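**Student:** Before we start, here is the structure in question, set down as structure tokens.
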Amino acid sequence: DPRMFKILGANMYKGDLGKVAVKELIQNAVDSVRHLNLQGKISVNVDNATRTINVVDNGHGMLPEVMSKELVDIGGSYKPTEGSSGGFGLAKVAMFANSETTKIISVAKKGKDHIRTTLEGSGEDWVNKTMKMDSVRLLDYTGETGTSVQIKLSPAVTWNTWAVEAQVRNTLSKDFMPGLEAKVDGRDLSPLESPSTPLTTLSIPGAKIDLYSSGETFDVGAARVSVYNNRLYQFDLYISLPQAVKLPQQIIANVKASLSPEDPDYPFTTSREE
């Protein structure tokens, strides 16, 4: 029963669904522009009052068959590319099944042509597989490829305005994500200053971890480590210490997985909250 997936998806995550949706939509956009390096651009716009998230990227876009497989099929997902931060996975169940409205517009190249594909509908449409999809071949198109995703979440799901903004703000980084711009409730968010050179690299089963630090040192009884997945912010990890020690103001652990999310040794949980 698809409605079971709706309930499952919304309850897989510890935090609120607004924060999860923001993280997953940005993550998917980042993966789509990685091949562009510094030419990759992502725009994020969040409206707390209407619970609306809009993410636009200039990546390779999605053809109709890819959009159907990636975003419509409950169990379907294209394999992430090397160096990606992961695919939608079950997060798409949580987001799309619990939305009031979803509208996705994507332009992708196919041979010498460009195809624009539009997918729209409600959460009920997504669950019942009645989303409306249209595609059209663009003649003499000279614009960019890319994707725009706009989701308005249902008032029935959790949405913490502070957590949503914190997730967006922590993702912004001049060094890690230079092409990412974001607004929350019409306000431009400034990118964070992040260290660009790792202090050391650790090896764990299934991944390597680059450790960064910056800022003044302070006597603290607990360490806060910002955990990244292939240079994209995921969550903060708090580690209690037996006694106060001097630690840098900012500690970053950038995890670079060498395994797919389906592998049992993948270094993150399915929800990438741990």
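Please note that chains go A, B, ... in the order of the structure tokens, that every chain numbers its residues from 1, and that ligands are numbered from 1 in the order shown.
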Please return as a VMD selection string: the residues of region 42-237 of chain A that backbone DSSP assigns to helix (DSSP H, G or I).

**Tutor:** chain A and resid 64 to 72 91 to 97 123 to 128 161 to 171

**Student:** Pick out the residues sitting within 7 Å of Ser240 (chain A), and hand them over as a VMD selection string; count only C-alpha atoms, and ignore anything fewer than 4 positions along from it in its own chain.

**Tutor:** chain A and resid 221 to 223

**Student:** Of the candidates A:Ala207, A:Ile104, A:Val56, A:Ala166, which one gets nearest to Pro261 (chain A) if we count only C-alpha atoms?

**Tutor:**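 Checking each of A:Ala207, A:Ile104, A:Val56, A:Ala166 against Pro261 (chain A), counting only C-alpha atoms, the winner is A:Ala207.
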
**Student:** Considering only C-alpha atoms, return as a compact mmCIF listing (two decimals) with N, CA and C atoms, in the first residue's frame whatever protein or nucleic-acid residues lie within 8 Å of Val55 (chain A), sequence-local ones (same chain, fewer than 4 positions apart) excluded.

**Tutor:**
# COMPACT_ATOMS: atom_id res chain seq x y z
N LEU A 25 16.73 18.37 -1.01
CA LEU A 25 16.60 19.10 -2.28
C LEU A 25 17.92 19.78 -2.64
N ILE A 26 18.59 20.39 -1.65
CA ILE A 26 19.88 21.02 -1.92
C ILE A 26 20.89 19.95 -2.32
N ALA A 29 20.46 18.90 -5.86
CA ALA A 29 20.91 19.95 -6.78
C ALA A 29 22.43 20.01 -6.83
N ILE A 42 23.40 27.22 -7.84
CA ILE A 42 22.19 26.74 -7.17
C ILE A 42 21.57 27.90 -6.42
N SER A 43 20.27 28.05 -6.57
CA SER A 43 19.52 29.08 -5.86
C SER A 43 18.48 28.41 -4.97
N VAL A 44 18.47 28.79 -3.69
CA VAL A 44 17.52 28.22 -2.72
C VAL A 44 16.67 29.35 -2.17
N ASN A 45 15.36 29.16 -2.16
CA ASN A 45 14.43 30.16 -1.63
C ASN A 45 13.42 29.44 -0.73
N SER A 148 14.26 23.00 -11.73
CA SER A 148 13.62 23.79 -10.68
C SER A 148 12.64 22.89 -9.94
N VAL A 149 12.80 22.81 -8.61
CA VAL A 149 11.90 22.01 -7.79
C VAL A 149 11.23 22.92 -6.77
N GLN A 150 9.91 22.95 -6.77
CA GLN A 150 9.17 23.73 -5.78
C GLN A 150 8.21 22.81 -5.04

**Student:** Nearest to Asp31 (chain A): which of A:Leu71, A:Ala97, A:Val46, A:Met177 is it, counting only C-alpha atoms?

**Tutor:**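 For Asp31 (chain A), the nearest of the given residues is A:Met177.
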
**Student:** May I ask for the distance between CA of Phe268 (chain A) and CA of Ser226 (chain A), given in Å to one decimal place?

**Tutor:** 14.0 Å

**Student:** Within 10 Å of Gly59 (chain A), counting only C-alpha atoms, which residues show up once you throw out same-chain ones fewer than 5 positions away? Write them as a ChimeraX atom specification, please.

**Tutor:** /A:29-36,39-42,106-108,144-147

**Student:** Could you save the residues just selected, with N, CA and C atoms, as an mmCIF file, in the first residue's frame?

**Tutor:**
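Output file again.cif follows:
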data_model
loop_
_atom_site.group_PDB
_atom_site.id
_atom_site.type_symbol
_atom_site.label_atom_id
_atom_site.label_comp_id
_atom_site.auth_asym_id
_atom_site.auth_seq_id
_atom_site.Cartn_x
_atom_site.Cartn_y
_atom_site.Cartn_z
ATOM 1 N N ALA A 29 20.459 18.899 -5.864
ATOM 2 C CA ALA A 29 20.909 19.952 -6.776
ATOM 3 C C ALA A 29 22.429 20.015 -6.831
ATOM 4 N N VAL A 30 23.078 19.882 -5.673
ATOM 5 C CA VAL A 30 24.541 19.913 -5.631
ATOM 6 C C VAL A 30 25.127 18.780 -6.461
ATOM 7 N N ASP A 31 24.578 17.589 -6.317
ATOM 8 C CA ASP A 31 25.086 16.452 -7.094
ATOM 9 C C ASP A 31 24.917 16.675 -8.594
ATOM 10 N N SER A 32 23.875 17.406 -8.982
ATOM 11 C CA SER A 32 23.624 17.616 -10.408
ATOM 12 C C SER A 32 24.585 18.629 -11.031
ATOM 13 N N VAL A 33 25.238 19.462 -10.199
ATOM 14 C CA VAL A 33 26.148 20.480 -10.753
ATOM 15 C C VAL A 33 27.612 20.185 -10.458
ATOM 16 N N ARG A 34 27.921 19.078 -9.815
ATOM 17 C CA ARG A 34 29.315 18.797 -9.444
ATOM 18 C C ARG A 34 30.237 18.774 -10.661
ATOM 19 N N HIS A 35 29.722 18.279 -11.783
ATOM 20 C CA HIS A 35 30.559 18.178 -12.983
ATOM 21 C C HIS A 35 30.898 19.553 -13.552
ATOM 22 N N LEU A 36 30.194 20.595 -13.118
ATOM 23 C CA LEU A 36 30.426 21.948 -13.623
ATOM 24 C C LEU A 36 31.472 22.711 -12.828
ATOM 25 N N GLN A 39 31.400 26.564 -12.245
ATOM 26 C CA GLN A 39 30.307 27.095 -13.067
ATOM 27 C C GLN A 39 28.935 26.611 -12.578
ATOM 28 N N GLY A 40 28.935 25.717 -11.613
ATOM 29 C CA GLY A 40 27.674 25.226 -11.071
ATOM 30 C C GLY A 40 26.997 26.280 -10.210
ATOM 31 N N LYS A 41 25.705 26.495 -10.432
ATOM 32 C CA LYS A 41 24.943 27.503 -9.687
ATOM 33 C C LYS A 41 23.676 26.880 -9.103
ATOM 34 N N ILE A 42 23.404 27.219 -7.845
ATOM 35 C CA ILE A 42 22.194 26.741 -7.171
ATOM 36 C C ILE A 42 21.572 27.901 -6.415
ATOM 37 N N SER A 106 12.293 20.690 -15.636
ATOM 38 C CA SER A 106 13.672 20.344 -15.935
ATOM 39 C C SER A 106 13.931 20.404 -17.431
ATOM 40 N N VAL A 107 15.077 20.961 -17.799
ATOM 41 C CA VAL A 107 15.510 21.013 -19.196
ATOM 42 C C VAL A 107 16.788 20.190 -19.323
ATOM 43 N N ALA A 108 16.774 19.206 -20.193
ATOM 44 C CA ALA A 108 17.924 18.328 -20.396
ATOM 45 C C ALA A 108 18.204 18.191 -21.884
ATOM 46 N N GLU A 144 20.253 27.434 -20.702
ATOM 47 C CA GLU A 144 20.940 26.429 -19.903
ATOM 48 C C GLU A 144 20.039 25.218 -19.647
ATOM 49 N N THR A 145 20.698 24.101 -19.363
ATOM 50 C CA THR A 145 19.976 22.967 -18.813
ATOM 51 C C THR A 145 19.846 23.194 -17.298
ATOM 52 N N GLY A 146 19.028 22.385 -16.662
ATOM 53 C CA GLY A 146 18.875 22.532 -15.217
ATOM 54 C C GLY A 146 17.491 22.132 -14.751
ATOM 55 N N THR A 147 17.298 22.245 -13.436
ATOM 56 C CA THR A 147 16.055 21.797 -12.826
ATOM 57 C C THR A 147 15.584 22.778 -11.767
#

**Student:** Quote the spacing between CA of Lys246 (chain A) and CA of Tyr228 (chain A) in Å to one decimal place.

**Tutor:**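 Distance between the two atoms: 22.7 Å.
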
**Student:** Could you state the separation of CA of Asp185 (chain A) and CA of Tyr233 (chain A) in Å, given to one decimal place?

**Tutor:** 21.2 Å

**Student:** Ranking A:Asp236, A:Ala244, A:Leu63, A:Val225 by minimum distance to Gly111 (chain A) and counting only C-alpha atoms, which one comes first?

**Tutor:**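 Among the listed residues, A:Leu63 lies closest to Gly111 (chain A).
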
**Student:** I'd like the contact shell of Met131 (chain A) - 6 Å cut-off, only C-alpha atoms, skipping same-chain residues fewer than 2 positions apart - returned as a PyMOL selection string.

**Tutor:** chain A and resi 120-121+125-126+129

**Student:** For the strand (DSSP E) assignment from backbone DSSP, which residues of region 26-241 of chain A qualify? Please present them as a count of residues only.

**Tutor:** 93

**Student:** Name the residues in contact with Thr171 (chain A) at a cut-off of 10 Å, using only C-alpha atoms, excluding same-chain residues fewer than 4 positions from it; report them as a list in words.

**Tutor:** Lys23, Ile26, Gln27, Glu165, Ala166, Gln167, Phe176, Met177, Leu180, Glu181, Ala182, Pro191, Leu192, Tyr228, Arg231, Leu232, Tyr233, Gln234 and Phe235 of chain A

**Student:** For Lys69 (chain A), which residue out of A:Lys92, A:His114, A:Lys183, A:Thr158 is the nearest one, using only C-alpha atoms?

**Tutor:**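 Closest residue, counting only C-alpha atoms: A:Lys92.
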
**Student:** Which is closest to Asp134 (chain A) among A:Gly186, A:Pro64, A:Gly18, A:Gly215, if we use only C-alpha atoms?

**Tutor:** A:Pro64
